[in-house]
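**Q** Take this structure, written in structure tokens, and hold onto it; I'll ask about it next.
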Amino acid sequence: MKIYETLESRHNYDYVNKSNDYQFFQQNRKVLSPYPFFTRLYNANDDFTIIQANIIIQALLNKHAIEDAALNAGKNLKEVVNIVKEGLPSVKQGNSNIYVPLYLQTHNIIYSETPEKLLTFPYSDLVDHIGDSLIDSFEVYNYALYESNFTTLIYLDGDITSRAYLHFDFLTIFIINKQGRLDAKIPLFDKRIKKPVTNHLVDRVMPVVKAYYAGDKKGFVNALHKEKLISEQLYRQFIKGLK
């Protein structure tokens, strides 16, 4: 019995399509279109890729906002940039705030602390030639990125290889590894559940996550059933398959 594949095939993707994250993606994906290295994200057609796409979209929006402020602020450059930064999401790395996780922390210090350098070479290349200094944001910043306000993910639990996060609107648990990639996902509330009850959802999914990390398939299925996260019909199918 392929439990995860079955959960995904029975998931109601209206939860994704009606979410704020999906609307944000649809409204802002054009920001990705000038860059061929973001084609995969521009063409996102699954929930986890939408999460990743939105991170990169917001990083680009941050980049443009700080650069525009620096280029047009005149003598009050730092003051203007600081005002702009106040409303932007960021990733905490040590004592630094990473506003543009497309770049390494050293480059982000320029955006955060010395934005006037963006006006002069060689740092102006960060503005004009994004691909030259581009990093794998998900691998470099990994958990810190997913746990920042670049996403709406809620951290649940983890081990030395991965961490589990709940996306409340997608009604899905994502297991993300140290490389910032998806190991598995656990969609909740299959199509047979017409009116999902989401009260205290974080507490209710914890036994599911504990069973996942314990490698306890039967405990995993029982936890989904006990917390009313799958339908009775799907539960019976899983139990039959496990036998």
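In the structure tokens, the first chain shown is A, the next is B, and so on; residue numbers restart at 1 for each chain, and ligands run from 1 in the order shown.
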Stretch 46-127 of chain A: which residues are alpha helix (DSSP H) by DSSP, as a ChimeraX atom specification?

**A** /A:47-72,77-85,105-112,124-127

**Q** Extract, using only C-alpha atoms, all DNA, RNA and protein residues at most 7 Å from stretch 90-101 of chain A, discarding same-chain residues fewer than 2 positions from it, and format them as a list in words.

**A** Ala59, Asn62, Lys63, Leu88, Tyr103, Leu104, Gln105, Asn108, Ser112, Ser137, Ala144, Leu145, Ser148, Asn149 and Phe150 of chain A

**Q** Go ahead and save the residues from that selection, with N, CA, C and O atoms, as a compact mmCIF listing (two decimals), in the first residue's frame.

**A**
# COMPACT_ATOMS: atom_id res chain seq x y z
N ALA A 59 11.62 37.27 -2.68
CA ALA A 59 13.03 37.69 -2.66
C ALA A 59 13.32 38.70 -3.77
O ALA A 59 14.03 39.69 -3.55
N ASN A 62 11.71 41.99 -2.83
CA ASN A 62 12.56 42.66 -1.85
C ASN A 62 13.75 43.33 -2.53
O ASN A 62 14.10 44.48 -2.24
N LYS A 63 14.40 42.57 -3.40
CA LYS A 63 15.58 43.06 -4.11
C LYS A 63 15.25 44.35 -4.87
O LYS A 63 15.95 45.36 -4.74
N LEU A 88 9.43 44.38 4.85
CA LEU A 88 9.82 43.24 4.03
C LEU A 88 10.12 42.00 4.86
O LEU A 88 10.69 42.10 5.95
N TYR A 103 21.06 35.64 -2.78
CA TYR A 103 22.49 35.87 -2.65
C TYR A 103 23.01 35.38 -1.30
O TYR A 103 22.24 35.19 -0.35
N LEU A 104 24.33 35.23 -1.22
CA LEU A 104 24.97 34.83 0.03
C LEU A 104 24.82 35.92 1.10
O LEU A 104 24.50 37.07 0.79
N GLN A 105 25.10 35.55 2.34
CA GLN A 105 24.99 36.49 3.45
C GLN A 105 25.90 37.70 3.26
O GLN A 105 25.53 38.82 3.59
N ASN A 108 24.20 40.05 1.13
CA ASN A 108 23.01 40.58 1.80
C ASN A 108 23.34 41.67 2.81
O ASN A 108 22.51 42.53 3.08
N SER A 112 21.37 45.11 3.40
CA SER A 112 20.83 45.39 4.73
C SER A 112 21.52 46.58 5.41
O SER A 112 20.86 47.40 6.06
N SER A 137 19.10 29.04 -3.17
CA SER A 137 18.55 29.60 -1.93
C SER A 137 18.09 28.53 -0.96
O SER A 137 18.29 28.64 0.25
N ALA A 144 16.07 27.67 7.83
CA ALA A 144 15.86 29.07 8.24
C ALA A 144 14.94 29.79 7.26
O ALA A 144 14.13 30.64 7.66
N LEU A 145 15.06 29.46 5.99
CA LEU A 145 14.23 30.08 4.96
C LEU A 145 12.78 29.64 5.09
O LEU A 145 11.86 30.47 5.06
N SER A 148 11.03 31.21 8.09
CA SER A 148 10.96 32.67 8.11
C SER A 148 9.60 33.13 7.63
O SER A 148 8.75 32.33 7.24
N ASN A 149 9.40 34.45 7.63
CA ASN A 149 8.13 34.97 7.13
C ASN A 149 8.10 35.11 5.60
O ASN A 149 7.23 35.77 5.05
N PHE A 150 9.04 34.43 4.93
CA PHE A 150 8.92 34.23 3.49
C PHE A 150 7.87 33.16 3.18
O PHE A 150 7.46 33.01 2.03

**Q** So, with only C-alpha atoms as the atoms that count, which of A:Ser33, A:Asn199, A:Asn72, A:Ser162 lies closest to A:Phe174?

**A**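 Of A:Ser33, A:Asn199, A:Asn72, A:Ser162, the one nearest A:Phe174 is A:Ser162, counting only C-alpha atoms.
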
**Q** Identify, on the basis of only C-alpha atoms, every residue whose closest approach to stretch 41-53 of chain A does not exceed 8 Å; exclude the query and any residue fewer than 6 positions from it along the same chain; express the result as a count of residues only.

**A** 12

**Q** Kindly indicate which residue among A:Leu171, A:Val31, A:Leu242, A:Val197 lies nearest to A:Asn17, using only C-alpha atoms for the distances.

**A** A:Leu171

**Q** Atom CA of A:Leu7 and atom CA of A:Asp190, how far apart in Å?

**A**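 Interatomic distance, atom CA of A:Asp190 to atom CA of A:Leu7: 6.9 Å.
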
**Q** Please provide as JSON, numbers by chain all residues within 12 Å of A:Thr198, with the sequence filter that same-chain residues fewer than 2 positions apart are discarded (counting only C-alpha atoms).

**A** {"A": [167, 168, 169, 170, 171, 172, 188, 189, 193, 195, 196, 200, 201, 202, 203, 204, 205, 227, 228, 229]}

**Q** For the residues selected in the previous step, produce a file with C-alpha atoms as a PDB file, in the first residue's frame.

**A**
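part19.pdb, freshly written:
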ATOM      1  CA  HIS A 167       0.783  24.480   5.638  1.00  0.00           C
ATOM      2  CA  PHE A 168      -2.540  25.402   7.191  1.00  0.00           C
ATOM      3  CA  ASP A 169      -4.248  26.590   3.994  1.00  0.00           C
ATOM      4  CA  PHE A 170      -2.984  23.729   1.815  1.00  0.00           C
ATOM      5  CA  LEU A 171      -3.924  21.300   4.626  1.00  0.00           C
ATOM      6  CA  THR A 172      -0.707  19.396   4.001  1.00  0.00           C
ATOM      7  CA  LEU A 188      -4.822  15.815   5.010  1.00  0.00           C
ATOM      8  CA  PHE A 189      -8.616  15.579   4.612  1.00  0.00           C
ATOM      9  CA  ILE A 193     -14.365  14.626   3.914  1.00  0.00           C
ATOM     10  CA  LYS A 195     -16.325  19.710   5.682  1.00  0.00           C
ATOM     11  CA  PRO A 196     -12.901  19.320   7.285  1.00  0.00           C
ATOM     12  CA  HIS A 200      -6.456  22.617  17.015  1.00  0.00           C
ATOM     13  CA  LEU A 201      -4.893  21.231  13.844  1.00  0.00           C
ATOM     14  CA  VAL A 202      -1.281  21.643  14.951  1.00  0.00           C
ATOM     15  CA  ASP A 203      -1.901  19.528  18.054  1.00  0.00           C
ATOM     16  CA  ARG A 204      -3.841  16.950  16.052  1.00  0.00           C
ATOM     17  CA  VAL A 205      -1.125  16.398  13.444  1.00  0.00           C
ATOM     18  CA  GLU A 227      -7.635  12.777  14.668  1.00  0.00           C
ATOM     19  CA  LYS A 228     -10.229  12.677  11.847  1.00  0.00           C
ATOM     20  CA  LEU A 229      -7.653  13.721   9.248  1.00  0.00           C
TER      21      LEU A 229
END

**Q** Give me, as a count of residues only, all polymer residues having an atom no more than 8 Å from stretch 216-224 of chain A, counting only C-alpha atoms and skipping those fewer than 2 positions away in the same chain.

**A** 17

**Q** Please measure the separation of atom CA of A:Val140 and atom CA of A:Lys178, giving the value in Å to one decimal.

**A**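 A separation of 9.4 Å between them.
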
**Q** Determine which residues of stretch 141-178 of chain A DSSP labels as strand (DSSP E) from the backbone of this structure, then write them out as a PyMOL selection string.

**A** chain A and resi 154-158+162-167+172-177

**Q** What does the distance from atom CA of A:Phe38 to atom CA of A:Phe138 come to in Å, to one decimal?

**A**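 Those two atoms sit 13.0 Å apart.
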